[in-house]
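Enquirer: Next comes the structure file entry05.cif, holding mmCIF, C-alpha atoms.
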```cif
data_data
#
loop_
_atom_site.group_PDB
_atom_site.id
_atom_site.type_symbol
_atom_site.label_atom_id
_atom_site.label_comp_id
_atom_site.auth_asym_id
_atom_site.auth_seq_id
_atom_site.Cartn_x
_atom_site.Cartn_y
_atom_site.Cartn_z
ATOM 1 C CA MET A 1443 -23.022 -23.536 -43.804
ATOM 2 C CA VAL A 1444 -21.042 -23.231 -40.554
ATOM 3 C CA LYS A 1445 -17.277 -23.209 -40.867
ATOM 4 C CA PHE A 1446 -15.261 -24.874 -38.136
ATOM 5 C CA SER A 1447 -11.683 -23.953 -37.405
ATOM 6 C CA ASN A 1448 -9.007 -26.002 -35.713
ATOM 7 C CA LYS A 1449 -6.985 -22.860 -34.863
ATOM 8 C CA PRO A 1450 -6.975 -21.967 -31.166
ATOM 9 C CA ASN A 1451 -8.490 -18.717 -29.966
ATOM 10 C CA VAL A 1452 -5.116 -17.124 -29.174
ATOM 11 C CA ARG A 1453 -6.530 -13.663 -28.575
ATOM 12 C CA GLY A 1454 -8.957 -14.938 -25.940
ATOM 13 C CA ILE A 1455 -6.317 -17.078 -24.252
ATOM 14 C CA ARG A 1456 -3.879 -14.157 -24.177
ATOM 15 C CA ARG A 1457 -6.528 -11.839 -22.703
ATOM 16 C CA VAL A 1458 -7.374 -14.297 -19.927
ATOM 17 C CA ALA A 1459 -3.683 -14.877 -19.168
ATOM 18 C CA GLU A 1460 -3.007 -11.124 -18.942
ATOM 19 C CA ASP A 1461 -6.016 -10.679 -16.649
ATOM 20 C CA ALA A 1462 -4.822 -13.477 -14.349
ATOM 21 C CA ASN A 1463 -1.296 -12.040 -14.338
ATOM 22 C CA TYR A 1464 -2.602 -8.565 -13.456
ATOM 23 C CA LYS A 1465 -4.770 -9.882 -10.621
ATOM 24 C CA SER A 1466 -1.959 -11.975 -9.165
ATOM 25 C CA LYS A 1467 0.317 -8.913 -9.168
ATOM 26 C CA LEU A 1468 -2.366 -6.910 -7.346
ATOM 27 C CA ILE A 1469 -2.692 -9.619 -4.697
ATOM 28 C CA GLY A 1470 1.083 -9.758 -4.279
ATOM 29 C CA ARG A 1471 1.340 -5.975 -4.024
ATOM 30 C CA ASP A 1472 -1.374 -5.908 -1.368
ATOM 31 C CA GLY A 1473 0.406 -8.623 0.617
ATOM 32 C CA ARG A 1474 3.735 -6.796 0.498
ATOM 33 C CA LEU A 1475 2.092 -3.526 1.557
ATOM 34 C CA PHE A 1476 0.396 -5.195 4.517
ATOM 35 C CA ALA A 1477 3.643 -6.884 5.566
ATOM 36 C CA GLY A 1478 5.455 -3.550 5.410
ATOM 37 C CA LEU A 1479 2.809 -1.850 7.512
ATOM 38 C CA ILE A 1480 2.888 -4.598 10.116
ATOM 39 C CA SER A 1481 6.680 -4.519 10.362
ATOM 40 C CA THR A 1482 6.778 -0.743 10.979
ATOM 41 C CA ARG A 1483 3.816 -0.369 13.320
ATOM 42 C CA VAL A 1484 5.866 -0.104 16.547
ATOM 43 C CA THR A 1485 8.245 2.547 15.231
ATOM 44 C CA GLY A 1486 5.352 4.452 13.670
ATOM 45 C CA MET A 1487 3.495 4.534 16.978
ATOM 46 C CA ALA A 1488 6.667 5.665 18.774
ATOM 47 C CA TYR A 1489 7.188 8.500 16.274
ATOM 48 C CA GLY A 1490 3.553 9.508 16.706
ATOM 49 C CA ILE A 1491 3.824 9.630 20.492
ATOM 50 C CA ILE A 1492 7.027 11.683 20.323
ATOM 51 C CA PHE A 1493 5.477 14.089 17.808
ATOM 52 C CA ALA A 1494 2.357 14.494 19.976
ATOM 53 C CA PHE A 1495 4.554 15.127 23.021
ATOM 54 C CA VAL A 1496 6.421 17.859 21.139
ATOM 55 C CA LEU A 1497 3.223 19.514 19.964
ATOM 56 C CA VAL A 1498 1.454 19.395 23.326
ATOM 57 C CA LEU A 1499 4.249 20.087 25.818
ATOM 58 C CA VAL A 1500 7.474 21.391 24.327
ATOM 59 C CA ILE A 1501 6.143 24.089 21.983
ATOM 60 C CA PRO A 1502 3.867 25.761 24.593
ATOM 61 C CA LEU A 1503 6.726 25.587 27.111
ATOM 62 C CA LEU A 1504 9.081 27.352 24.697
ATOM 63 C CA VAL A 1505 6.473 30.003 23.967
ATOM 64 C CA LYS A 1506 5.958 30.582 27.693
ATOM 65 C CA LEU A 1507 9.713 30.792 28.393
ATOM 66 C CA PHE A 1508 10.506 33.216 25.599
ATOM 67 C CA GLY A 1509 7.407 35.357 26.148
ATOM 68 C CA GLY A 1510 5.739 34.918 22.792
#
```
Please go through the file and, once you have read it, give me the structure as structure tokens.
Expert:
Amino acid sequence: MVKFSNKPNVRGIRRVAEDANYKSKLIGRDGRLFAGLISTRVTGMAYGIIFAFVLVLVIPLLVKLFGG
């Protein structure tokens, strides 16, 4: 004989709710990361150009001047 229950499957509902909560947090985290990267792209490129300028021009010039 098959027994039927009128109790809800709380464990299954809780598992699905936790999974949906986790996935929504991942999507939100990804969106915030992308927004942060977009907002700092100009300053990041400027820092990169300045750093490349220092490595390519200033350091060899200092070595040449001080006879290294």
Enquirer: Could you tell me how far atom CA of A:Ile1492 lies from atom CA of A:Phe1508, in Å and to one decimal?
Expert: 22.4 Å
Enquirer: Work out how far apart atom CA of A:Met1487 and atom CA of A:Val1505 are and give it in Å to one decimal.
Expert: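 Between these atoms lies a distance of 26.6 Å.
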Enquirer: Grab the atom CA of A:Glu1460 to atom CA of A:Ala1477 distance for me, in Å with one decimal place.
Expert: 25.7 Å
Enquirer: Reconstruct N, CA and C atoms of stretch 1467-1502 of chain A from the incomplete input and present them as a JSON list (two decimals), in the frame of the given file.
Expert:
```
[["chain", "number", "residue", "atom", "x", "y", "z"],
["A", 1467, "LYS", "N", -0.58, -10.00, -9.58],
["A", 1467, "LYS", "CA", 0.32, -8.91, -9.17],
["A", 1467, "LYS", "C", -0.35, -8.00, -8.15],
["A", 1468, "LEU", "N", -1.65, -7.73, -8.32],
["A", 1468, "LEU", "CA", -2.37, -6.91, -7.35],
["A", 1468, "LEU", "C", -2.41, -7.58, -5.98],
["A", 1469, "ILE", "N", -2.66, -8.88, -5.96],
["A", 1469, "ILE", "CA", -2.69, -9.62, -4.70],
["A", 1469, "ILE", "C", -1.32, -9.60, -4.04],
["A", 1470, "GLY", "N", -0.28, -9.80, -4.82],
["A", 1470, "GLY", "CA", 1.08, -9.76, -4.28],
["A", 1470, "GLY", "C", 1.44, -8.39, -3.74],
["A", 1471, "ARG", "N", 1.06, -7.35, -4.46],
["A", 1471, "ARG", "CA", 1.34, -5.98, -4.02],
["A", 1471, "ARG", "C", 0.63, -5.68, -2.71],
["A", 1472, "ASP", "N", -0.62, -6.11, -2.60],
["A", 1472, "ASP", "CA", -1.37, -5.91, -1.37],
["A", 1472, "ASP", "C", -0.73, -6.65, -0.20],
["A", 1473, "GLY", "N", -0.26, -7.86, -0.44],
["A", 1473, "GLY", "CA", 0.41, -8.62, 0.62],
["A", 1473, "GLY", "C", 1.70, -7.97, 1.08],
["A", 1474, "ARG", "N", 2.48, -7.47, 0.13],
["A", 1474, "ARG", "CA", 3.74, -6.80, 0.50],
["A", 1474, "ARG", "C", 3.47, -5.50, 1.26],
["A", 1475, "LEU", "N", 2.44, -4.76, 0.86],
["A", 1475, "LEU", "CA", 2.09, -3.53, 1.56],
["A", 1475, "LEU", "C", 1.68, -3.82, 2.99],
["A", 1476, "PHE", "N", 0.84, -4.83, 3.18],
["A", 1476, "PHE", "CA", 0.40, -5.20, 4.52],
["A", 1476, "PHE", "C", 1.57, -5.65, 5.38],
["A", 1477, "ALA", "N", 2.47, -6.43, 4.82],
["A", 1477, "ALA", "CA", 3.64, -6.88, 5.57],
["A", 1477, "ALA", "C", 4.52, -5.70, 5.98],
["A", 1478, "GLY", "N", 4.68, -4.74, 5.08],
["A", 1478, "GLY", "CA", 5.46, -3.55, 5.41],
["A", 1478, "GLY", "C", 4.81, -2.73, 6.51],
["A", 1479, "LEU", "N", 3.50, -2.60, 6.46],
["A", 1479, "LEU", "CA", 2.81, -1.85, 7.51],
["A", 1479, "LEU", "C", 2.91, -2.54, 8.86],
["A", 1480, "ILE", "N", 2.79, -3.85, 8.87],
["A", 1480, "ILE", "CA", 2.89, -4.60, 10.12],
["A", 1480, "ILE", "C", 4.29, -4.50, 10.70],
["A", 1481, "SER", "N", 5.31, -4.53, 9.85],
["A", 1481, "SER", "CA", 6.68, -4.52, 10.36],
["A", 1481, "SER", "C", 7.08, -3.15, 10.91],
["A", 1482, "THR", "N", 6.41, -2.08, 10.52],
["A", 1482, "THR", "CA", 6.78, -0.74, 10.98],
["A", 1482, "THR", "C", 5.77, -0.14, 11.96],
["A", 1483, "ARG", "N", 4.85, -0.94, 12.46],
["A", 1483, "ARG", "CA", 3.82, -0.37, 13.32],
["A", 1483, "ARG", "C", 4.36, 0.14, 14.64],
["A", 1484, "VAL", "N", 5.34, -0.52, 15.25],
["A", 1484, "VAL", "CA", 5.87, -0.10, 16.55],
["A", 1484, "VAL", "C", 6.64, 1.21, 16.41],
["A", 1485, "THR", "N", 7.49, 1.31, 15.41],
["A", 1485, "THR", "CA", 8.24, 2.55, 15.23],
["A", 1485, "THR", "C", 7.32, 3.69, 14.83],
["A", 1486, "GLY", "N", 6.31, 3.41, 14.05],
["A", 1486, "GLY", "CA", 5.35, 4.45, 13.67],
["A", 1486, "GLY", "C", 4.59, 4.98, 14.86],
["A", 1487, "MET", "N", 4.19, 4.09, 15.77],
["A", 1487, "MET", "CA", 3.50, 4.53, 16.98],
["A", 1487, "MET", "C", 4.44, 5.33, 17.87],
["A", 1488, "ALA", "N", 5.70, 4.93, 17.96],
["A", 1488, "ALA", "CA", 6.67, 5.66, 18.77],
["A", 1488, "ALA", "C", 6.88, 7.07, 18.21],
["A", 1489, "TYR", "N", 7.04, 7.18, 16.89],
["A", 1489, "TYR", "CA", 7.19, 8.50, 16.27],
["A", 1489, "TYR", "C", 5.95, 9.36, 16.52],
["A", 1490, "GLY", "N", 4.79, 8.77, 16.46],
["A", 1490, "GLY", "CA", 3.55, 9.51, 16.71],
["A", 1490, "GLY", "C", 3.45, 10.03, 18.13],
["A", 1491, "ILE", "N", 3.86, 9.20, 19.09],
["A", 1491, "ILE", "CA", 3.82, 9.63, 20.49],
["A", 1491, "ILE", "C", 4.82, 10.75, 20.73],
["A", 1492, "ILE", "N", 6.01, 10.63, 20.17],
["A", 1492, "ILE", "CA", 7.03, 11.68, 20.32],
["A", 1492, "ILE", "C", 6.55, 12.98, 19.68],
["A", 1493, "PHE", "N", 5.98, 12.90, 18.50],
["A", 1493, "PHE", "CA", 5.48, 14.09, 17.81],
["A", 1493, "PHE", "C", 4.35, 14.75, 18.61],
["A", 1494, "ALA", "N", 3.44, 13.94, 19.16],
["A", 1494, "ALA", "CA", 2.36, 14.49, 19.98],
["A", 1494, "ALA", "C", 2.92, 15.15, 21.23],
["A", 1495, "PHE", "N", 3.92, 14.55, 21.84],
["A", 1495, "PHE", "CA", 4.55, 15.13, 23.02],
["A", 1495, "PHE", "C", 5.15, 16.49, 22.69],
["A", 1496, "VAL", "N", 5.82, 16.59, 21.55],
["A", 1496, "VAL", "CA", 6.42, 17.86, 21.14],
["A", 1496, "VAL", "C", 5.34, 18.91, 20.92],
["A", 1497, "LEU", "N", 4.28, 18.54, 20.25],
["A", 1497, "LEU", "CA", 3.22, 19.51, 19.96],
["A", 1497, "LEU", "C", 2.50, 19.97, 21.22],
["A", 1498, "VAL", "N", 2.27, 19.06, 22.16],
["A", 1498, "VAL", "CA", 1.45, 19.40, 23.33],
["A", 1498, "VAL", "C", 2.27, 20.04, 24.44],
["A", 1499, "LEU", "N", 3.50, 19.61, 24.66],
["A", 1499, "LEU", "CA", 4.25, 20.09, 25.82],
["A", 1499, "LEU", "C", 5.42, 21.01, 25.48],
["A", 1500, "VAL", "N", 6.23, 20.66, 24.56],
["A", 1500, "VAL", "CA", 7.47, 21.39, 24.33],
["A", 1500, "VAL", "C", 7.22, 22.76, 23.69],
["A", 1501, "ILE", "N", 6.39, 22.82, 22.67],
["A", 1501, "ILE", "CA", 6.14, 24.09, 21.98],
["A", 1501, "ILE", "C", 5.49, 25.11, 22.91],
["A", 1502, "PRO", "N", 4.43, 24.77, 23.65],
["A", 1502, "PRO", "CA", 3.87, 25.76, 24.59],
["A", 1502, "PRO", "C", 4.86, 26.17, 25.68]]
```
